[in-house]
Amino acid sequence: MKQVSIIVPTYNASETISRCMQAILNLDYPEALLEILVVNDGSTDTTDELIYAINSPRIRVITNERNKGQAFSRLRGARESSYDHLLFIDSRVIIDRGALKAIEKSKEPIQTNLIVKGTNNIWESALNSLRRLVFRKFYQDKKTTFIELSNFDKTPKGTGALYIPKDLFIKSMMNIAYENRHVSDDTKLFFNLVKKGNKIYLNPDFSITYLQRYGFKENVVHLYQRGPKFFDYYFGRHRTYTFLILLSLISPLVLIGLLYLDKITFPMLLFVLLCLNACFAAFVGEDMRKKCILFFLFPLIASSFGCGMVKALLTKAWHKIKIV
């Protein structure tokens, strides 16, 4: 059995860190072969206190003096780890007790979880429905076992839990601007791996539970922060997504222009948008509950995500102006 360094980058995770760490401590794997490192990325809540309250000599805490982003924290954890095999776990993830044995059994060098269990709250239901729409071929076929270059944009990607050789991880992070907290480090890491001929195994026996945010503010802020990351990787690289990004950014301006020119009244515009939203929710939602959830939450999800992409576009344009 291999020696494994488990790395948990965390920032203001007081809501979930205790459950995350307890699941790691309960892993069915020889303790002598495990090292647990928590990289506290300048948390300003009680995350630090909760980690120390666990009072386990197996946990080593690395602290960033200020918040530098998840990518920086992962890389720091990797560099300070003792073993050649790394398992990254997000602080909102509860890893199954048998996950490491499932990883060991498959013998694939790079693995991520295929199964993501959830808490079935309304935000999670809405986001899962949208994810199934974007990656519908993957969910319909159910035959994909590896993420590779040929199916990269058609396969869902996430690093809630990722098993990878240490040297390969560090090498694949080197040309990513990880100091920028808005960089799409997850997707770019995966892309750097597959473009060199590596395959990422979607292990069907490796499962996790993801603790979705519950609060309105927490989800809106998170979606706003995800917008620049999506923009960073896909804009200008993927034709379909580039078109959809531009369409989502231009459409509000067109609607505002129509209102300003008195081509359409506000009640009429609101009615049309509600009808379009209802049709979208009816088409995407798998059952009546999810259709209703999408009807109410999709406008919030789209506007939060869209505002994040607007920010990324303006930042990119401003950066080019400064260079000129």
# chains A, B, ... in the order shown; residues from 1 in each chain; ligands from 1
$ closest_atom_pairs --of "segment 10-115 of chain A" --to "segment 138-160 of chain A" --cutoff "7 Å" --atoms "only C-alpha atoms" --output "JSON lines"
{"residue": "A:Ile89", "atom": "CA", "partner": "A:Gly160", "partner_atom": "CA", "distance": 5.6}
{"residue": "A:Asp90", "atom": "CA", "partner": "A:Gly160", "partner_atom": "CA", "distance": 4.9}
{"residue": "A:Val93", "atom": "CA", "partner": "A:Gly160", "partner_atom": "CA", "distance": 6.5}
$ closest_residue --among "A:Thr44, A:His85, A:Thr119, A:Glu80" --to "Arg213 of chain A" --atoms "only C-alpha atoms"
A:Thr119
$ select_by_dssp --residues "segment 58-197 of chain A" --states "strand (DSSP E)" --output "CSV table (one decimal) with C-alpha atoms, in the first residue's frame"
chain,number,residue,atom,x,y,z
A,59,ILE,CA,-3.1,16.7,11.6
A,60,ARG,CA,-0.4,19.2,10.6
A,61,VAL,CA,-1.6,22.8,10.0
A,62,ILE,CA,0.2,25.1,7.5
A,63,THR,CA,-1.0,28.8,7.7
A,64,ASN,CA,-0.9,31.4,5.0
A,85,HIS,CA,1.2,10.5,-3.7
A,86,LEU,CA,-1.3,13.3,-2.9
A,87,LEU,CA,-5.0,13.3,-2.2
A,88,PHE,CA,-6.5,16.7,-2.3
A,89,ILE,CA,-9.8,17.1,-0.5
A,93,VAL,CA,-16.2,17.4,1.1
A,94,ILE,CA,-16.9,14.3,3.3
A,95,ILE,CA,-14.9,11.5,1.9
A,111,GLN,CA,-8.1,9.6,-10.1
A,112,THR,CA,-11.1,11.6,-9.1
A,113,ASN,CA,-14.4,10.6,-7.8
A,114,LEU,CA,-17.2,9.5,-10.1
A,115,ILE,CA,-19.9,9.6,-7.5
A,116,VAL,CA,-20.9,12.8,-5.7
A,117,LYS,CA,-23.6,12.4,-3.1
A,146,PHE,CA,-11.5,8.6,-18.2
A,147,ILE,CA,-11.2,12.3,-18.7
A,161,ALA,CA,-11.2,15.1,-4.3
A,162,LEU,CA,-8.2,14.4,-6.5
A,163,TYR,CA,-5.5,11.7,-6.2
A,164,ILE,CA,-2.3,12.4,-8.1
A,165,PRO,CA,1.4,11.8,-8.0
$ closest_residue --among "A:Thr47, A:Ser81, A:Thr240, A:Asn121" --to "Gly215 of chain A" --atoms "only C-alpha atoms"
A:Asn121
$ residues_around --residues "Thr315 of chain A" --least-positions-apart "4" --cutoff "12 Å" --atoms "only C-alpha atoms" --output "VMD selection string"
chain A and resid 182 228 231 to 232 308 to 311 319 to 322
$ write_last_selection --atoms "C-alpha atoms" --output "JSON list (two decimals), in the first residue's frame"
[["chain", "number", "residue", "atom", "x", "y", "z"],
["A", 182, "HIS", "CA", -9.74, 34.31, -10.35],
["A", 228, "PRO", "CA", -14.45, 34.85, -13.63],
["A", 231, "PHE", "CA", -14.52, 33.08, -18.23],
["A", 232, "ASP", "CA", -10.78, 32.65, -17.65],
["A", 308, "GLY", "CA", -18.86, 37.57, -12.35],
["A", 309, "MET", "CA", -18.17, 37.15, -16.07],
["A", 310, "VAL", "CA", -18.81, 40.87, -16.70],
["A", 311, "LYS", "CA", -16.24, 41.64, -14.04],
["A", 319, "HIS", "CA", -5.56, 45.18, -18.47],
["A", 320, "LYS", "CA", -5.15, 45.40, -22.26],
["A", 321, "ILE", "CA", -5.73, 49.18, -22.21],
["A", 322, "LYS", "CA", -3.04, 49.58, -19.55]]
$ select_by_dssp --residues "segment 99-172 of chain A" --states "helix (DSSP H, G or I)" --output "JSON, numbers by chain"
{"A": [99, 100, 101, 102, 103, 104, 105, 106, 122, 123, 124, 125, 126, 127, 128, 129, 130, 131, 132, 133, 134, 136, 137, 138, 139, 140, 141, 149, 150, 151, 152, 153, 154, 166, 167, 168, 169, 170, 171, 172]}
$ write_last_selection --atoms "C-alpha atoms" --output "compact mmCIF listing (two decimals), in the first residue's frame"
# COMPACT_ATOMS: atom_id res chain seq x y z
CA ALA A 99 -12.23 5.79 -0.70
CA LEU A 100 -8.47 5.30 -0.31
CA LYS A 101 -8.74 1.53 -0.57
CA ALA A 102 -10.80 1.98 -3.75
CA ILE A 103 -8.09 4.24 -5.12
CA GLU A 104 -5.38 1.77 -4.17
CA LYS A 105 -7.27 -1.12 -5.77
CA SER A 106 -7.62 0.55 -9.19
CA ILE A 122 -32.61 23.60 -3.27
CA TRP A 123 -29.38 25.19 -4.52
CA GLU A 124 -27.78 21.82 -5.05
CA SER A 125 -30.85 20.57 -6.95
CA ALA A 126 -30.81 23.59 -9.27
CA LEU A 127 -27.06 23.44 -9.93
CA ASN A 128 -27.13 19.68 -10.56
CA SER A 129 -29.91 20.13 -13.12
CA LEU A 130 -27.87 22.79 -14.93
CA ARG A 131 -24.75 20.60 -14.80
CA ARG A 132 -26.70 17.73 -16.34
CA LEU A 133 -27.82 20.05 -19.14
CA VAL A 134 -24.28 21.21 -19.94
CA ARG A 136 -25.91 15.81 -20.98
CA LYS A 137 -23.98 13.42 -23.25
CA PHE A 138 -21.82 12.29 -20.34
CA TYR A 139 -24.83 11.61 -18.11
CA GLN A 140 -26.80 9.93 -20.90
CA ASP A 141 -24.05 7.57 -22.08
CA LEU A 149 -8.16 15.25 -24.42
CA SER A 150 -10.81 13.83 -26.79
CA ASN A 151 -13.70 14.28 -24.34
CA PHE A 152 -12.33 17.08 -22.16
CA ASP A 153 -15.02 19.71 -22.78
CA LYS A 154 -17.84 17.15 -22.65
CA LYS A 166 3.21 14.74 -6.30
CA ASP A 167 5.76 15.46 -9.04
CA LEU A 168 3.11 15.42 -11.76
CA PHE A 169 0.87 17.81 -9.82
CA ILE A 170 3.64 20.33 -9.20
CA LYS A 171 4.82 20.15 -12.82
CA SER A 172 1.26 20.66 -14.14
$ atom_distance --atom1 "atom CA of Asp96 of chain A" --atom2 "atom CA of Ile293 of chain A"
28.6 Å
$ closest_residue --among "A:Ser43, A:Ser91, A:Asn277, A:Asn55" --to "Ala23 of chain A" --atoms "only C-alpha atoms"
A:Ser91
$ closest_residue --among "A:Ala302, A:Leu27, A:Ile110, A:Leu75" --to "Ile200 of chain A" --atoms "only C-alpha atoms"
A:Ile110
$ atom_distance --atom1 "atom CA of Thr16 of chain A" --atom2 "atom CA of Asn219 of chain A"
14.9 Å
$ residues_around --residues "Cys292 of chain A" --least-positions-apart "6" --cutoff "9 Å" --atoms "only C-alpha atoms" --output "list in words"
Ala278, Ala281, Ala282 and Gly285 of chain A
$ closest_residue --among "A:Ile51, A:Ala71, A:Ile250, A:Ile24" --to "Gly98 of chain A" --atoms "only C-alpha atoms"
A:Ile24
$ closest_residue --among "A:Lys229, A:Lys217, A:Lys107, A:Lys199" --to "Ser184 of chain A" --atoms "only C-alpha atoms"
A:Lys229
$ atom_distance --atom1 "atom CA of Val39 of chain A" --atom2 "atom CA of Val8 of chain A"
6.1 Å
$ residues_around --residues "Phe230 of chain A" --least-positions-apart "4" --cutoff "9 Å" --atoms "only C-alpha atoms" --output "ChimeraX atom specification"
/A:183-184,187,226,234-235,309
